[in-house]
Structures are given as structure tokens and as C-alpha cells.
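See structure below.
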Amino acid sequence: LRLGASARNVAGKVDVTEKFYWKDNYDMGSGNFFTYDPAAVKRSYKNLAPIYTASGALVFDKFFAADFDYEVVHIGGGLDKKTGRLGGELWVIPGFLAARGGLQSDFNNVTAIGDEKTQTYFLGAGLRVWVLEIDAAAALAQVKSGEGGQNFTGSGSATLRF
């Protein structure tokens, strides 16, 4: 049994510099161009949305693991997003190739226009070669979009472990 918890964006701030530049190529005035180029504006955002996560995993003899995560994004003003994930990992070739799958569901996803609950199924795989780990994942909805000729998106990562 493995248990974990994390808290992100609990304290701190983000500094952002914005510069708006607009050029109208269809202006018929003198010089045929109108350019709007104000000075850059610097802003500091201190109220980041805190994210709290609790997770756990049951590992069965290093061949199979079942895990769960519960995450709360505290936006404030009653606009909190609560998400649960349940997944499994099977080592097809122990220590070398893993297959993963699972479900992600919003317990509540309150936005300004109502409660927009979603449910997503995902698939993934991992490959471990000596100190290199390569992982890839995609949601089933993304796979179906790719089959329909639309853009396919997923995620991938590579990690070196020493």
C-alpha cells in the first residue's frame, strides 16, 4: 500500500508581462498601415488556485498496481473542481514494458454557467530501459478524434533515473 498527498499553488505569486501589438494591413490612410503599440504592462497575480491531491496505490507483487487520486482545485467563490481518477498498471514484461488504463471523472465541476461534469477513459504504456523511462498516454476521446481525421493529441514523457 502506498499513500501520498500534495498541495500546489498554496503560496506565492506569478509575474506576467503583457504587450499588445496590433497592425491593420487594410487601413487606407497615409502610409497604408495603422500600428497600435503601447508600452508593456507588468502584472502580478497572487491569488493562484490551490490544488490539493490525495492518492494511493495497491501494488500486487510488482506485476499489477491499482491506484486512485482525488484532487480538488479550489478556485474560490464556490467554483471548485473535484476530480477522481482510478487506474491500473500491468507489467506485460516485468521491469521493461507496462500497460496502463483508467477512468477520470469530475465529482463536480462548477463553472460560471453551471455544473459541467465529465468522464474520460484513458490508455497508456511505459517502457523502461536501464536509466531511461518513456511513457505515453491518451484519452479515448482523443483517439476517436484522430480516427475521424481531426488532430490527435496525447502526452509523452521521458525520464532519466540515476
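Going through the C-alpha cells in order, the chains are called A, B, and so on, while each chain numbers its residues from 1 and the ligands are numbered from 1 in the order shown.
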Close residues, segment 89-99 of chain A itself excluded, 6 Å, only C-alpha atoms, min 3 positions apart in chain, as a PyMOL selection string: chain A and resi 63-65+125-128
Selection: 8 Å around Val73 of chain A, only C-alpha atoms, excl. self and same-chain fewer than 3 positions, as a VMD selection string: chain A and resid 49 to 52 80 to 82
Any idea what's packed within 8 Å of Arg2 of chain A, counting only C-alpha atoms, ignoring anything in its chain fewer than 6 positions away? Could you give it as a PDB file with N, CA, C and O atoms, in the first residue's frame?
ATOM      1  N   GLY A  56      -3.398   7.071  -3.584  1.00  0.00           N
ATOM      2  CA  GLY A  56      -2.996   5.807  -3.005  1.00  0.00           C
ATOM      3  C   GLY A  56      -2.864   4.750  -4.083  1.00  0.00           C
ATOM      4  O   GLY A  56      -3.405   4.901  -5.181  1.00  0.00           O
ATOM      5  N   ALA A  57      -2.145   3.704  -3.772  1.00  0.00           N
ATOM      6  CA  ALA A  57      -1.958   2.604  -4.727  1.00  0.00           C
ATOM      7  C   ALA A  57      -1.833   1.297  -3.967  1.00  0.00           C
ATOM      8  O   ALA A  57      -1.256   1.244  -2.883  1.00  0.00           O
ATOM      9  N   LEU A  58      -2.401   0.259  -4.548  1.00  0.00           N
ATOM     10  CA  LEU A  58      -2.215  -1.104  -4.070  1.00  0.00           C
ATOM     11  C   LEU A  58      -1.330  -1.818  -5.077  1.00  0.00           C
ATOM     12  O   LEU A  58      -1.670  -1.899  -6.259  1.00  0.00           O
ATOM     13  N   VAL A  59      -0.183  -2.290  -4.641  1.00  0.00           N
ATOM     14  CA  VAL A  59       0.766  -2.953  -5.536  1.00  0.00           C
ATOM     15  C   VAL A  59       0.735  -4.449  -5.228  1.00  0.00           C
ATOM     16  O   VAL A  59       0.919  -4.857  -4.082  1.00  0.00           O
TER      17      VAL A  59
END
Residue among A:Arg8, A:Arg161, A:Lys62, A:Lys19 lying closest to Val129 of chain A, counting only C-alpha atoms: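 Of the candidates, the smallest distance to Val129 of chain A is held by A:Arg161.
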Distance of atom CA of Trp130 of chain A from atom CA of Ala158 of chain A, expressed in Å to one decimal place: 12.6 Å
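In this model, the gap between atom CA of Asn47 of chain A and atom CA of His74 of chain A comes to 10.7 Å.
Minimum distance to Leu86 of chain A across A:Phe68, A:Tyr121, A:Phe162, A:Phe107 (counting only C-alpha atoms) occurs at A:Phe68.
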Residues within 9 Å of segment 42-44 of chain A, only C-alpha atoms, excluding chain neighbours under 6 positions, as a list in words: Lys13, Val14, Asp15, Val16, Thr17, Glu18 and Lys19 of chain A
Just-selected residues, N, CA, C and O atoms written as a PDB file, in the first residue's frame:
ATOM      1  N   LYS A  13       3.322  33.786  -5.967  1.00  0.00           N
ATOM      2  CA  LYS A  13       2.707  34.655  -6.962  1.00  0.00           C
ATOM      3  C   LYS A  13       3.330  34.390  -8.318  1.00  0.00           C
ATOM      4  O   LYS A  13       4.379  33.764  -8.427  1.00  0.00           O
ATOM      5  N   VAL A  14       2.677  34.894  -9.344  1.00  0.00           N
ATOM      6  CA  VAL A  14       3.169  34.777 -10.708  1.00  0.00           C
ATOM      7  C   VAL A  14       3.250  36.180 -11.290  1.00  0.00           C
ATOM      8  O   VAL A  14       2.289  36.942 -11.229  1.00  0.00           O
ATOM      9  N   ASP A  15       4.406  36.531 -11.836  1.00  0.00           N
ATOM     10  CA  ASP A  15       4.580  37.824 -12.501  1.00  0.00           C
ATOM     11  C   ASP A  15       4.426  37.629 -13.999  1.00  0.00           C
ATOM     12  O   ASP A  15       5.046  36.740 -14.576  1.00  0.00           O
ATOM     13  N   VAL A  16       3.599  38.469 -14.618  1.00  0.00           N
ATOM     14  CA  VAL A  16       3.306  38.358 -16.038  1.00  0.00           C
ATOM     15  C   VAL A  16       3.545  39.706 -16.703  1.00  0.00           C
ATOM     16  O   VAL A  16       3.131  40.740 -16.192  1.00  0.00           O
ATOM     17  N   THR A  17       4.227  39.690 -17.844  1.00  0.00           N
ATOM     18  CA  THR A  17       4.400  40.905 -18.642  1.00  0.00           C
ATOM     19  C   THR A  17       3.595  40.736 -19.918  1.00  0.00           C
ATOM     20  O   THR A  17       3.746  39.757 -20.637  1.00  0.00           O
ATOM     21  N   GLU A  18       2.724  41.695 -20.178  1.00  0.00           N
ATOM     22  CA  GLU A  18       1.868  41.657 -21.357  1.00  0.00           C
ATOM     23  C   GLU A  18       2.217  42.806 -22.287  1.00  0.00           C
ATOM     24  O   GLU A  18       2.451  43.921 -21.844  1.00  0.00           O
ATOM     25  N   LYS A  19       2.248  42.528 -23.578  1.00  0.00           N
ATOM     26  CA  LYS A  19       2.474  43.566 -24.575  1.00  0.00           C
ATOM     27  C   LYS A  19       1.501  43.318 -25.717  1.00  0.00           C
ATOM     28  O   LYS A  19       1.504  42.268 -26.324  1.00  0.00           O
TER      29      LYS A  19
END
Nearby residues (only C-alpha atoms) at most 8 Å from Phe122 of chain A, same-chain spacing under 2 positions excluded, as a ChimeraX atom specification: /A:101-104,120,124,137-140
Pick from A:Ser105, A:Thr83, A:Leu160, A:Gly76, whichever lies nearest to Leu132 of chain A using only C-alpha atoms: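 Smallest distance to Leu132 of chain A is found for A:Leu160.
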Minimum-distance residue to Asn9 of chain A, chosen among A:Ile75, A:Val41, A:Ala66, A:Phe60 (using only C-alpha atoms): A:Ile75
Residue nearest Ser6 of chain A among A:Ala136, A:Ala54, A:Val72, A:Ala141 (counting only C-alpha atoms): A:Ala54
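Taking atom CA of Gly84 of chain A and atom CA of Leu1 of chain A as endpoints, the distance between them is 18.5 Å.
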